[in-house]
>>> print(open('target29.json').read())   # JSON, C-alpha atoms
[["chain", "number", "residue", "atom", "x", "y", "z"],
["A", 15, "MET", "CA", 211.67, 25.12, -20.81],
["A", 16, "HIS", "CA", 209.16, 22.41, -21.28],
["A", 17, "PHE", "CA", 205.52, 23.05, -22.20],
["A", 18, "ALA", "CA", 202.71, 20.66, -21.30],
["A", 19, "TYR", "CA", 201.39, 18.69, -24.24],
["A", 20, "PRO", "CA", 197.66, 18.87, -24.87],
["A", 21, "PRO", "CA", 195.85, 15.73, -23.76],
["A", 22, "ARG", "CA", 195.83, 13.05, -26.42],
["A", 23, "LYS", "CA", 192.48, 11.96, -27.82],
["A", 24, "SER", "CA", 191.42, 8.53, -26.89],
["A", 25, "SER", "CA", 191.69, 5.96, -29.64],
["A", 26, "ASN", "CA", 188.48, 4.37, -28.32],
["A", 27, "PRO", "CA", 185.58, 6.75, -29.09],
["A", 28, "PRO", "CA", 182.32, 6.41, -27.08],
["A", 29, "PRO", "CA", 179.74, 4.01, -28.61],
["A", 30, "TYR", "CA", 177.16, 6.75, -29.17],
["A", 31, "MET", "CA", 178.08, 10.00, -30.70],
["A", 32, "ARG", "CA", 176.19, 13.03, -29.60],
["A", 33, "ALA", "CA", 174.01, 14.33, -32.37],
["A", 34, "THR", "CA", 174.30, 17.86, -33.54],
["A", 35, "ALA", "CA", 171.68, 20.26, -32.21],
["A", 36, "LYS", "CA", 170.03, 20.48, -35.65],
["A", 37, "LEU", "CA", 169.35, 16.76, -36.19],
["A", 38, "PRO", "CA", 166.61, 16.16, -33.51],
["A", 39, "GLY", "CA", 164.50, 18.98, -34.83],
["A", 40, "LEU", "CA", 164.63, 17.64, -38.36],
["A", 41, "ARG", "CA", 163.76, 14.13, -37.21],
["A", 42, "ARG", "CA", 160.78, 15.30, -35.16],
["A", 43, "SER", "CA", 159.45, 17.36, -38.05],
["A", 44, "ARG", "CA", 159.62, 14.41, -40.39],
["A", 45, "LEU", "CA", 157.84, 12.17, -37.87],
["A", 46, "LYS", "CA", 155.05, 14.72, -37.49],
["A", 47, "VAL", "CA", 154.59, 14.96, -41.24],
["A", 48, "ILE", "CA", 154.49, 11.18, -41.59],
["A", 49, "ALA", "CA", 151.99, 10.83, -38.70],
["A", 50, "ILE", "CA", 149.68, 13.52, -40.09],
["A", 51, "ALA", "CA", 149.82, 12.01, -43.56],
["A", 52, "GLY", "CA", 149.02, 8.58, -42.14],
["A", 53, "LEU", "CA", 146.04, 9.88, -40.18],
["A", 54, "ALA", "CA", 144.75, 11.73, -43.24],
["A", 55, "PHE", "CA", 145.05, 8.55, -45.28],
["A", 56, "LEU", "CA", 143.13, 6.52, -42.69],
["A", 57, "LEU", "CA", 140.45, 9.23, -42.51],
["A", 58, "LEU", "CA", 139.95, 9.09, -46.26],
["A", 59, "ILE", "CA", 139.62, 5.31, -46.15],
["A", 60, "TRP", "CA", 137.00, 5.59, -43.38],
["A", 61, "LEU", "CA", 135.02, 8.29, -45.19],
["A", 62, "PHE", "CA", 134.79, 6.30, -48.41],
["A", 63, "SER", "CA", 134.17, 2.90, -46.84],
["A", 64, "ARG", "CA", 131.61, 3.74, -44.14],
["A", 65, "PRO", "CA", 127.87, 3.21, -44.86],
["A", 66, "SER", "CA", 125.62, 6.13, -45.62],
["A", 67, "SER", "CA", 123.93, 7.86, -42.69],
["A", 68, "SER", "CA", 120.61, 6.16, -43.40],
["A", 69, "GLN", "CA", 122.27, 2.77, -43.35],
["A", 70, "GLY", "CA", 124.40, 3.48, -40.29],
["A", 71, "LEU", "CA", 121.53, 4.32, -37.92],
["A", 72, "TYR", "CA", 120.03, 1.37, -36.04],
["A", 73, "LYS", "CA", 116.31, 1.27, -36.70],
["A", 74, "GLY", "CA", 115.42, -2.23, -35.61],
["A", 75, "HIS", "CA", 113.14, -4.56, -37.49],
["A", 76, "ILE", "CA", 110.25, -2.88, -39.32],
["A", 77, "PRO", "CA", 107.17, -5.15, -39.24],
["A", 78, "SER", "CA", 105.55, -5.91, -42.58],
["A", 79, "GLY", "CA", 102.08, -6.49, -41.13],
["A", 80, "LYS", "CA", 101.93, -10.20, -41.88],
["A", 81, "PRO", "CA", 99.90, -10.90, -39.85],
["A", 82, "PRO", "CA", 98.44, -7.51, -38.90],
["A", 83, "VAL", "CA", 97.45, -8.66, -35.40],
["A", 84, "VAL", "CA", 98.24, -11.54, -33.09],
["A", 85, "VAL", "CA", 95.41, -12.42, -30.71],
["A", 86, "LEU", "CA", 97.08, -13.73, -27.57],
["A", 87, "THR", "CA", 95.42, -15.68, -24.75],
["A", 88, "VAL", "CA", 97.03, -17.52, -21.84],
["A", 89, "LEU", "CA", 95.24, -20.73, -20.83],
["A", 90, "ASP", "CA", 95.42, -22.40, -17.43],
["A", 91, "GLU", "CA", 94.58, -25.99, -18.28],
["A", 92, "LYS", "CA", 95.00, -27.19, -14.71],
["A", 93, "ALA", "CA", 92.63, -24.68, -13.16],
["A", 94, "TYR", "CA", 89.90, -24.43, -15.84],
["A", 95, "ASP", "CA", 87.63, -27.04, -17.36],
["A", 96, "LYS", "CA", 88.64, -28.35, -20.75],
["A", 97, "ALA", "CA", 85.19, -27.74, -22.26],
["A", 98, "TYR", "CA", 85.32, -24.09, -21.21],
["A", 99, "LEU", "CA", 88.82, -23.55, -22.64],
["A", 100, "ASP", "CA", 87.84, -25.26, -25.90],
["A", 101, "VAL", "CA", 85.14, -22.65, -26.37],
["A", 102, "ILE", "CA", 87.66, -19.88, -25.66],
["A", 103, "ARG", "CA", 89.97, -21.30, -28.35],
["A", 104, "GLU", "CA", 87.12, -21.53, -30.82],
["A", 105, "ASN", "CA", 86.17, -17.94, -30.14],
["A", 106, "ARG", "CA", 89.67, -16.59, -30.79],
["A", 107, "ILE", "CA", 90.28, -18.71, -33.87],
["A", 108, "GLN", "CA", 87.05, -17.66, -35.57],
["A", 109, "TYR", "CA", 87.73, -13.99, -34.95],
["A", 110, "ALA", "CA", 91.34, -14.23, -36.16],
["A", 111, "GLU", "CA", 90.44, -16.16, -39.31],
["A", 112, "LYS", "CA", 87.89, -13.55, -40.31],
["A", 113, "HIS", "CA", 90.48, -10.77, -40.37],
["A", 114, "GLY", "CA", 93.62, -12.65, -41.40],
["A", 115, "TYR", "CA", 95.07, -12.47, -37.91],
["A", 116, "GLN", "CA", 97.04, -15.12, -36.06],
["A", 117, "THR", "CA", 96.19, -16.66, -32.71],
["A", 118, "MET", "CA", 98.68, -17.58, -30.03],
["A", 119, "PHE", "CA", 97.68, -19.75, -27.08],
["A", 120, "ALA", "CA", 100.27, -19.82, -24.33],
["A", 121, "LYS", "CA", 99.84, -22.08, -21.34],
["A", 122, "VAL", "CA", 100.52, -21.56, -17.67],
["A", 123, "GLY", "CA", 103.74, -23.44, -17.09],
["A", 124, "ASP", "CA", 105.26, -22.69, -20.52],
["A", 125, "TYR", "CA", 107.68, -20.16, -19.03],
["A", 126, "ASP", "CA", 109.97, -20.07, -16.03],
["A", 127, "LEU", "CA", 108.52, -17.31, -13.85],
["A", 128, "LYS", "CA", 111.19, -17.69, -11.17],
["A", 129, "GLY", "CA", 108.60, -18.33, -8.47],
["A", 130, "ALA", "CA", 106.27, -15.47, -9.43],
["A", 131, "PRO", "CA", 102.47, -16.01, -9.54],
["A", 132, "SER", "CA", 101.15, -17.66, -12.70],
["A", 133, "SER", "CA", 99.35, -14.48, -13.77],
["A", 134, "TRP", "CA", 102.74, -13.10, -14.81],
["A", 135, "THR", "CA", 102.60, -15.54, -17.72],
["A", 136, "ALA", "CA", 100.68, -12.94, -19.73],
["A", 137, "VAL", "CA", 103.63, -10.54, -19.71],
["A", 138, "VAL", "CA", 106.17, -13.16, -20.79],
["A", 139, "ALA", "CA", 103.80, -14.53, -23.43],
["A", 140, "ALA", "CA", 103.37, -11.06, -24.94],
["A", 141, "ARG", "CA", 107.14, -10.73, -25.23],
["A", 142, "ASP", "CA", 107.30, -14.22, -26.73],
["A", 143, "ALA", "CA", 104.64, -13.27, -29.27],
["A", 144, "ILE", "CA", 106.91, -10.51, -30.58],
["A", 145, "THR", "CA", 109.66, -13.09, -31.08],
["A", 146, "LYS", "CA", 107.38, -15.60, -32.81],
["A", 147, "PHE", "CA", 105.55, -13.02, -34.95],
["A", 148, "PRO", "CA", 108.13, -10.29, -35.63],
["A", 149, "ASP", "CA", 106.15, -8.94, -38.60],
["A", 150, "CYS", "CA", 102.84, -8.34, -36.84],
["A", 151, "TYR", "CA", 101.77, -4.76, -36.27],
["A", 152, "PHE", "CA", 99.93, -5.30, -33.01],
["A", 153, "ILE", "CA", 99.40, -7.83, -30.25],
["A", 154, "TRP", "CA", 96.01, -7.97, -28.61],
["A", 155, "TYR", "CA", 96.17, -9.75, -25.30],
["A", 156, "ILE", "CA", 92.75, -10.85, -24.05],
["A", 157, "ASP", "CA", 92.53, -13.18, -21.08],
["A", 158, "GLN", "CA", 90.79, -16.53, -20.78],
["A", 159, "ASN", "CA", 87.89, -15.00, -18.86],
["A", 160, "SER", "CA", 86.59, -13.27, -21.98],
["A", 161, "PHE", "CA", 84.69, -13.68, -25.23],
["A", 162, "ILE", "CA", 85.24, -11.62, -28.36],
["A", 163, "MET", "CA", 81.71, -10.55, -29.22],
["A", 164, "ASN", "CA", 81.82, -8.34, -32.30],
["A", 165, "PRO", "CA", 83.52, -10.01, -35.29],
["A", 166, "ASP", "CA", 83.25, -6.89, -37.46],
["A", 167, "LEU", "CA", 85.61, -4.71, -35.42],
["A", 168, "LYS", "CA", 89.28, -4.81, -36.41],
["A", 169, "ILE", "CA", 91.93, -3.87, -33.86],
["A", 170, "GLU", "CA", 93.93, -1.73, -36.28],
["A", 171, "ASP", "CA", 90.84, 0.38, -37.08],
["A", 172, "HIS", "CA", 88.71, 0.14, -33.95],
["A", 173, "VAL", "CA", 91.57, 0.89, -31.55],
["A", 174, "MET", "CA", 95.00, 1.62, -33.04],
["A", 175, "LYS", "CA", 94.26, 3.93, -35.94],
["A", 176, "SER", "CA", 95.80, 7.30, -35.07],
["A", 177, "SER", "CA", 92.66, 9.33, -35.68],
["A", 178, "THR", "CA", 90.60, 6.85, -33.68],
["A", 179, "LEU", "CA", 93.01, 7.00, -30.76],
["A", 180, "GLU", "CA", 92.89, 10.78, -30.84],
["A", 181, "SER", "CA", 89.15, 10.63, -30.23],
["A", 182, "LEU", "CA", 89.32, 7.84, -27.63],
["A", 183, "MET", "CA", 92.28, 8.79, -25.42],
["A", 184, "ILE", "CA", 91.47, 9.88, -21.88],
["A", 185, "LYS", "CA", 93.96, 12.72, -21.30],
["A", 186, "ASP", "CA", 95.11, 14.44, -18.12],
["A", 187, "HIS", "CA", 93.46, 11.69, -16.07],
["A", 188, "PRO", "CA", 94.81, 9.96, -12.93],
["A", 189, "VAL", "CA", 96.57, 6.75, -13.86],
["A", 190, "VAL", "CA", 95.29, 5.09, -10.68],
["A", 191, "PRO", "CA", 91.97, 6.69, -9.80],
["A", 192, "PRO", "CA", 90.85, 8.58, -7.95],
["A", 193, "ASP", "CA", 93.78, 10.15, -6.12],
["A", 194, "SER", "CA", 96.92, 9.50, -8.17],
["A", 195, "ILE", "CA", 98.83, 12.70, -8.83],
["A", 196, "ILE", "CA", 100.36, 11.08, -11.93],
["A", 197, "LYS", "CA", 98.11, 11.70, -14.90],
["A", 198, "THR", "CA", 98.05, 10.67, -18.53],
["A", 199, "PHE", "CA", 99.76, 13.14, -20.83],
["A", 200, "SER", "CA", 97.52, 15.89, -22.16],
["A", 201, "HIS", "CA", 99.57, 16.48, -25.33],
["A", 202, "LEU", "CA", 99.95, 12.86, -26.47],
["A", 203, "LYS", "CA", 99.18, 12.18, -30.15],
["A", 204, "GLY", "CA", 97.64, 9.01, -31.52],
["A", 205, "GLN", "CA", 100.67, 8.25, -33.68],
["A", 206, "ASP", "CA", 102.89, 8.21, -30.58],
["A", 207, "VAL", "CA", 100.86, 5.59, -28.69],
["A", 208, "ASP", "CA", 102.33, 2.10, -28.35],
["A", 209, "PHE", "CA", 100.31, 0.68, -25.46],
["A", 210, "VAL", "CA", 96.53, 0.84, -25.00],
["A", 211, "LEU", "CA", 94.56, -0.37, -22.01],
["A", 212, "THR", "CA", 91.65, 0.56, -19.78],
["A", 213, "GLN", "CA", 90.67, 1.21, -16.19],
["A", 214, "ASP", "CA", 87.88, -0.29, -14.12],
["A", 215, "ASN", "CA", 86.51, 0.88, -10.78],
["A", 216, "LEU", "CA", 89.69, -0.13, -8.95],
["A", 217, "GLY", "CA", 92.50, 0.94, -11.28],
["A", 218, "LEU", "CA", 94.28, -0.30, -14.37],
["A", 219, "SER", "CA", 92.75, -3.42, -15.91],
["A", 220, "ALA", "CA", 95.35, -5.61, -17.61],
["A", 221, "GLY", "CA", 92.97, -8.34, -18.77],
["A", 222, "SER", "CA", 92.78, -6.82, -22.23],
["A", 223, "PHE", "CA", 95.39, -4.58, -23.81],
["A", 224, "VAL", "CA", 96.89, -3.80, -27.20],
["A", 225, "ILE", "CA", 100.60, -3.21, -27.77],
["A", 226, "ARG", "CA", 102.30, -2.02, -30.94],
["A", 227, "ASN", "CA", 105.13, -4.29, -32.07],
["A", 228, "GLY", "CA", 108.55, -2.63, -32.05],
["A", 229, "GLU", "CA", 111.65, -1.88, -30.04],
["A", 230, "TRP", "CA", 109.69, 0.06, -27.44],
["A", 231, "ALA", "CA", 107.35, -2.90, -26.88],
["A", 232, "LYS", "CA", 110.33, -5.16, -26.19],
["A", 233, "PHE", "CA", 111.77, -2.64, -23.74],
["A", 234, "PHE", "CA", 108.45, -2.17, -21.99],
["A", 235, "LEU", "CA", 107.60, -5.86, -21.58],
["A", 236, "GLU", "CA", 111.09, -6.67, -20.34],
["A", 237, "THR", "CA", 110.86, -3.80, -17.87],
["A", 238, "TRP", "CA", 107.44, -4.98, -16.70],
["A", 239, "PHE", "CA", 108.82, -8.46, -16.04],
["A", 240, "ASP", "CA", 111.93, -7.18, -14.28],
["A", 241, "PRO", "CA", 112.85, -9.31, -11.21],
["A", 242, "LEU", "CA", 112.70, -6.19, -9.05],
["A", 243, "TYR", "CA", 108.96, -5.73, -9.64],
["A", 244, "ARG", "CA", 108.23, -9.43, -9.27],
["A", 245, "SER", "CA", 110.03, -9.39, -5.93],
["A", 246, "TYR", "CA", 107.70, -6.72, -4.53],
["A", 247, "ASN", "CA", 104.92, -9.30, -4.05],
["A", 248, "PHE", "CA", 102.18, -6.89, -5.06],
["A", 249, "GLN", "CA", 98.70, -7.98, -4.06],
["A", 250, "LYS", "CA", 97.57, -8.06, -7.69],
["A", 251, "ALA", "CA", 100.94, -9.17, -9.01],
["A", 252, "GLU", "CA", 101.53, -7.91, -12.56],
["A", 253, "THR", "CA", 98.63, -5.43, -12.47],
["A", 254, "HIS", "CA", 99.93, -3.55, -9.44],
["A", 255, "ALA", "CA", 103.45, -3.79, -10.87],
["A", 256, "LEU", "CA", 102.14, -2.10, -14.02],
["A", 257, "GLU", "CA", 100.55, 0.68, -11.99],
["A", 258, "HIS", "CA", 103.85, 1.23, -10.22],
["A", 259, "ILE", "CA", 105.87, 1.32, -13.45],
["A", 260, "VAL", "CA", 103.52, 3.68, -15.24],
["A", 261, "GLN", "CA", 103.58, 6.18, -12.36],
["A", 262, "TRP", "CA", 107.36, 6.13, -11.88],
["A", 263, "HIS", "CA", 108.65, 5.86, -15.44],
["A", 264, "PRO", "CA", 107.72, 8.75, -17.77],
["A", 265, "THR", "CA", 109.24, 6.90, -20.73],
["A", 266, "ILE", "CA", 106.43, 4.36, -20.38],
["A", 267, "LEU", "CA", 103.67, 6.79, -19.50],
["A", 268, "ALA", "CA", 104.63, 8.78, -22.62],
["A", 269, "ARG", "CA", 103.56, 5.85, -24.82],
["A", 270, "LEU", "CA", 100.44, 4.87, -22.90],
["A", 271, "ALA", "CA", 96.86, 5.66, -23.83],
["A", 272, "LEU", "CA", 93.91, 4.99, -21.57],
["A", 273, "VAL", "CA", 90.69, 4.47, -23.51],
["A", 274, "PRO", "CA", 87.09, 4.04, -22.31],
["A", 275, "GLN", "CA", 86.67, 0.60, -20.81],
["A", 276, "ARG", "CA", 84.09, -0.63, -23.26],
["A", 277, "THR", "CA", 86.51, -0.06, -26.16],
["A", 278, "ILE", "CA", 88.28, -3.38, -25.52],
["A", 279, "ASN", "CA", 87.34, -4.53, -22.03],
["A", 280, "SER", "CA", 83.64, -4.47, -21.17],
["A", 281, "TYR", "CA", 82.59, -6.32, -18.00],
["A", 282, "SER", "CA", 79.75, -8.75, -17.68],
["A", 283, "LYS", "CA", 78.52, -6.99, -14.54],
["A", 284, "LEU", "CA", 78.25, -3.34, -13.61],
["A", 285, "ASP", "CA", 79.56, -3.54, -10.05],
["A", 286, "LYS", "CA", 83.25, -3.63, -11.04],
["A", 287, "GLY", "CA", 83.36, -1.51, -14.18],
["A", 288, "ALA", "CA", 81.66, -0.52, -17.41],
["A", 289, "GLN", "CA", 79.07, -3.14, -18.34],
["A", 290, "TYR", "CA", 78.95, -4.82, -21.73],
["A", 291, "GLN", "CA", 76.55, -3.49, -24.31],
["A", 292, "PRO", "CA", 75.67, -5.15, -27.65],
["A", 293, "GLY", "CA", 78.18, -4.03, -30.26],
["A", 294, "ASP", "CA", 81.16, -3.95, -27.89],
["A", 295, "ILE", "CA", 84.16, -5.88, -29.15],
["A", 296, "ALA", "CA", 84.56, -8.09, -26.07],
["A", 297, "VAL", "CA", 83.16, -9.02, -22.69],
["A", 298, "ARG", "CA", 85.04, -10.21, -19.58],
["A", 299, "PHE", "CA", 83.41, -12.38, -16.96],
["A", 300, "THR", "CA", 83.97, -10.47, -13.75],
["A", 301, "ASP", "CA", 83.43, -13.34, -11.30],
["A", 302, "CYS", "CA", 85.27, -15.99, -13.32],
["A", 303, "SER", "CA", 88.51, -17.19, -11.74],
["A", 304, "PRO", "CA", 90.41, -20.44, -11.10],
["A", 305, "SER", "CA", 88.79, -20.58, -7.68],
["A", 306, "ASN", "CA", 85.29, -19.99, -9.04],
["A", 307, "LYS", "CA", 84.86, -22.29, -12.03],
["A", 308, "GLU", "CA", 81.08, -22.27, -11.73],
["A", 309, "ALA", "CA", 81.06, -18.52, -12.35],
["A", 310, "CYS", "CA", 83.09, -19.06, -15.52],
["A", 311, "LYS", "CA", 80.53, -21.53, -16.77],
["A", 312, "SER", "CA", 77.44, -19.56, -15.78],
["A", 313, "GLU", "CA", 78.65, -16.16, -17.00],
["A", 314, "SER", "CA", 80.02, -17.48, -20.28],
["A", 315, "GLN", "CA", 76.72, -19.22, -21.00],
["A", 316, "LEU", "CA", 75.00, -15.83, -20.96],
["A", 317, "PHE", "CA", 77.05, -14.74, -23.97],
["A", 318, "LEU", "CA", 77.81, -18.02, -25.74],
["A", 319, "GLN", "CA", 74.88, -18.02, -28.14],
["A", 320, "ALA", "CA", 75.24, -14.31, -28.82],
["A", 321, "TRP", "CA", 78.84, -14.51, -30.03],
["A", 322, "ARG", "CA", 78.23, -17.63, -32.08],
["A", 323, "SER", "CA", 75.26, -15.99, -33.79],
["A", 324, "ALA", "CA", 77.22, -12.83, -34.44],
["A", 325, "PHE", "CA", 80.10, -14.73, -36.00],
["A", 326, "LYS", "CA", 77.74, -16.89, -38.07],
["A", 327, "ASP", "CA", 75.99, -13.84, -39.50],
["A", 328, "SER", "CA", 79.14, -11.83, -40.21]]
>>> encode(input="target29.json", output="structure tokens")
Amino acid sequence: MHFAYPPRKSSNPPPYMRATAKLPGLRRSRLKVIAIAGLAFLLLIWLFSRPSSSQGLYKGHIPSGKPPVVVLTVLDEKAYDKAYLDVIRENRIQYAEKHGYQTMFAKVGDYDLKGAPSSWTAVVAARDAITKFPDCYFIWYIDQNSFIMNPDLKIEDHVMKSSTLESLMIKDHPVVPPDSIIKTFSHLKGQDVDFVLTQDNLGLSAGSFVIRNGEWAKFFLETWFDPLYRSYNFQKAETHALEHIVQWHPTILARLALVPQRTINSYSKLDKGAQYQPGDIAVRFTDCSPSNKEACKSESQLFLQAWRSAFKDS
């Protein structure tokens, strides 16, 4: 009787031997240990090499106050007489020299406004002033239709000092009188204010304003000059754009303080706003404009001798 032989093993084993059931578990465990140890090592390197928390936070440039204030004026040399603009320059320079400030005279045409009206130059020039004078505390923009009248008043004390602002701020007041439902914040503190301006009989008056140098100022001025707002073709260009922004953007309204008009922006005549009184820091000529050069000459003459005498005696 013959019995079947068991099948003979092949003399050619397969190229890959099946691992025992125990080997994969051991390999995975070792890989996990190595991975965890590696991550722990990297974490230790990061903890010891990273900067301290005070160094790691972005704070932006902190101005040193040299100069304390930049007095900014935009000049339209094509639309205004040279003699008139020379007096404006003299006025700003004398005031700035008395207090250790710097002056900046931008010109219409210095910046590419992308087709926007020339009055937008003031906004771009204010942003440029921050770039050129990164260590100033404040920028006081005052337009070419104005004289500085009181040489003894300093912007950082007369306007921007926290306690002074607390007493000056017009709170819970319509941003665009008389019917705007958006009002200035009632709880705003002087130390939180970065932008100061006034109203006249028609609304916000952007011919004289003070802005605190800093990251917020850059954000605000770049927002103000945004192509979207320039494209709206507001009747009063940058002024109406400002009114729009302030009413629709709480982040800007939260840094805005309205102060009585005569604080920085008295008018030469009563019909359009608060009229200048002796002792006020500045006066704006209400009828002066590129299309009414005679008004610039006649109104400025009313105050020319007064400011020169005041500066001479100070």
>>> closest_residue(input="target29.json", among="A:Asn164, A:Ser245, A:Ser282, A:Ser194", to="Glu257 in chain A", atoms="all atoms listed in the file")
A:Ser194
>>> residues_around(input="target29.json", residues="Ser222 in chain A", least_positions_apart="5", cutoff="6 Å", atoms="all atoms listed in the file", output="list of chain:residue names")
A:Tyr155, A:Ile156, A:Asn279
>>> atom_distance(input="target29.json", atom1="CA of Pro274 in chain A", atom2="CA of Thr253 in chain A")
17.9 Å
>>> atom_distance(input="target29.json", atom1="CA of Phe248 in chain A", atom2="CA of Glu313 in chain A")
28.0 Å
>>> residues_around(input="target29.json", residues="range 209-212 of chain A", least_positions_apart="6", cutoff="7 Å", atoms="all atoms listed in the file", output="ChimeraX atom specification")
/A:218-220,222-226,269-275
>>> atom_distance(input="target29.json", atom1="CA of Ala296 in chain A", atom2="CA of Pro82 in chain A")
18.9 Å
>>> residues_around(input="target29.json", residues="range 195-204 of chain A", least_positions_apart="2", cutoff="10 Å", atoms="only C-alpha atoms", output="NGL selection string")
:A and (174-193 or 206-208 or 260-262 or 264 or 267-272)
>>> residues_around(input="target29.json", residues="Gly129 in chain A", least_positions_apart="4", cutoff="12 Å", atoms="only C-alpha atoms", output="tab-separated table (two decimals) with C-alpha atoms, in the frame of the given file")
chain	number	residue	atom	x	y	z
A	123	GLY	CA	103.74	-23.44	-17.09
A	125	TYR	CA	107.68	-20.16	-19.03
A	133	SER	CA	99.35	-14.48	-13.77
A	134	TRP	CA	102.74	-13.10	-14.81
A	135	THR	CA	102.60	-15.54	-17.72
A	241	PRO	CA	112.85	-9.31	-11.21
A	244	ARG	CA	108.23	-9.43	-9.27
A	245	SER	CA	110.03	-9.39	-5.93
A	247	ASN	CA	104.92	-9.30	-4.05
A	251	ALA	CA	100.94	-9.17	-9.01
>>> closest_residue(input="target29.json", among="A:Lys307, A:Asp214, A:His263, A:Asp166", to="Ala324 in chain A", atoms="all atoms listed in the file")
A:Asp166
>>> closest_residue(input="target29.json", among="A:Gly217, A:Pro304, A:Pro292, A:Pro165", to="Arg106 in chain A", atoms="only C-alpha atoms")
A:Pro165
>>> residues_around(input="target29.json", residues="Val83 in chain A", least_positions_apart="4", cutoff="7 Å", atoms="all atoms listed in the file", output="NGL selection string")
:A and (115-116 or 150-154)
>>> closest_residue(input="target29.json", among="A:Ile48, A:Leu318, A:Ala136, A:Val84", to="Met118 in chain A", atoms="all atoms listed in the file")
A:Val84
>>> closest_residue(input="target29.json", among="A:Asn306, A:Phe161, A:Lys286, A:Ile144", to="Leu235 in chain A", atoms="all atoms listed in the file")
A:Ile144
>>> closest_residue(input="target29.json", among="A:Asp301, A:Phe234, A:Glu252, A:Asp171", to="Pro131 in chain A", atoms="all atoms listed in the file")
A:Glu252
>>> residues_near_point(input="target29.json", point="(80.7, -25.3, -29.0)", cutoff="9 Å", atoms="all atoms listed in the file", output="ChimeraX atom specification")
/A:97,100-101,104,318,322
>>> write_last_selection(input="target29.json", atoms="C-alpha atoms", output="tab-separated table (two decimals), in the frame of the given file")
chain	number	residue	atom	x	y	z
A	97	ALA	CA	85.19	-27.74	-22.26
A	100	ASP	CA	87.84	-25.26	-25.90
A	101	VAL	CA	85.14	-22.65	-26.37
A	104	GLU	CA	87.12	-21.53	-30.82
A	318	LEU	CA	77.81	-18.02	-25.74
A	322	ARG	CA	78.23	-17.63	-32.08
>>> axis_aligned_box(input="target29.json", around="range 140-143 of chain A", padding_each_side="4 Å", output="AutoDock Vina command-line options")
--center_x 105.3 --center_y -12.5 --center_z -27.1 --size_x 11.9 --size_y 11.5 --size_z 12.3
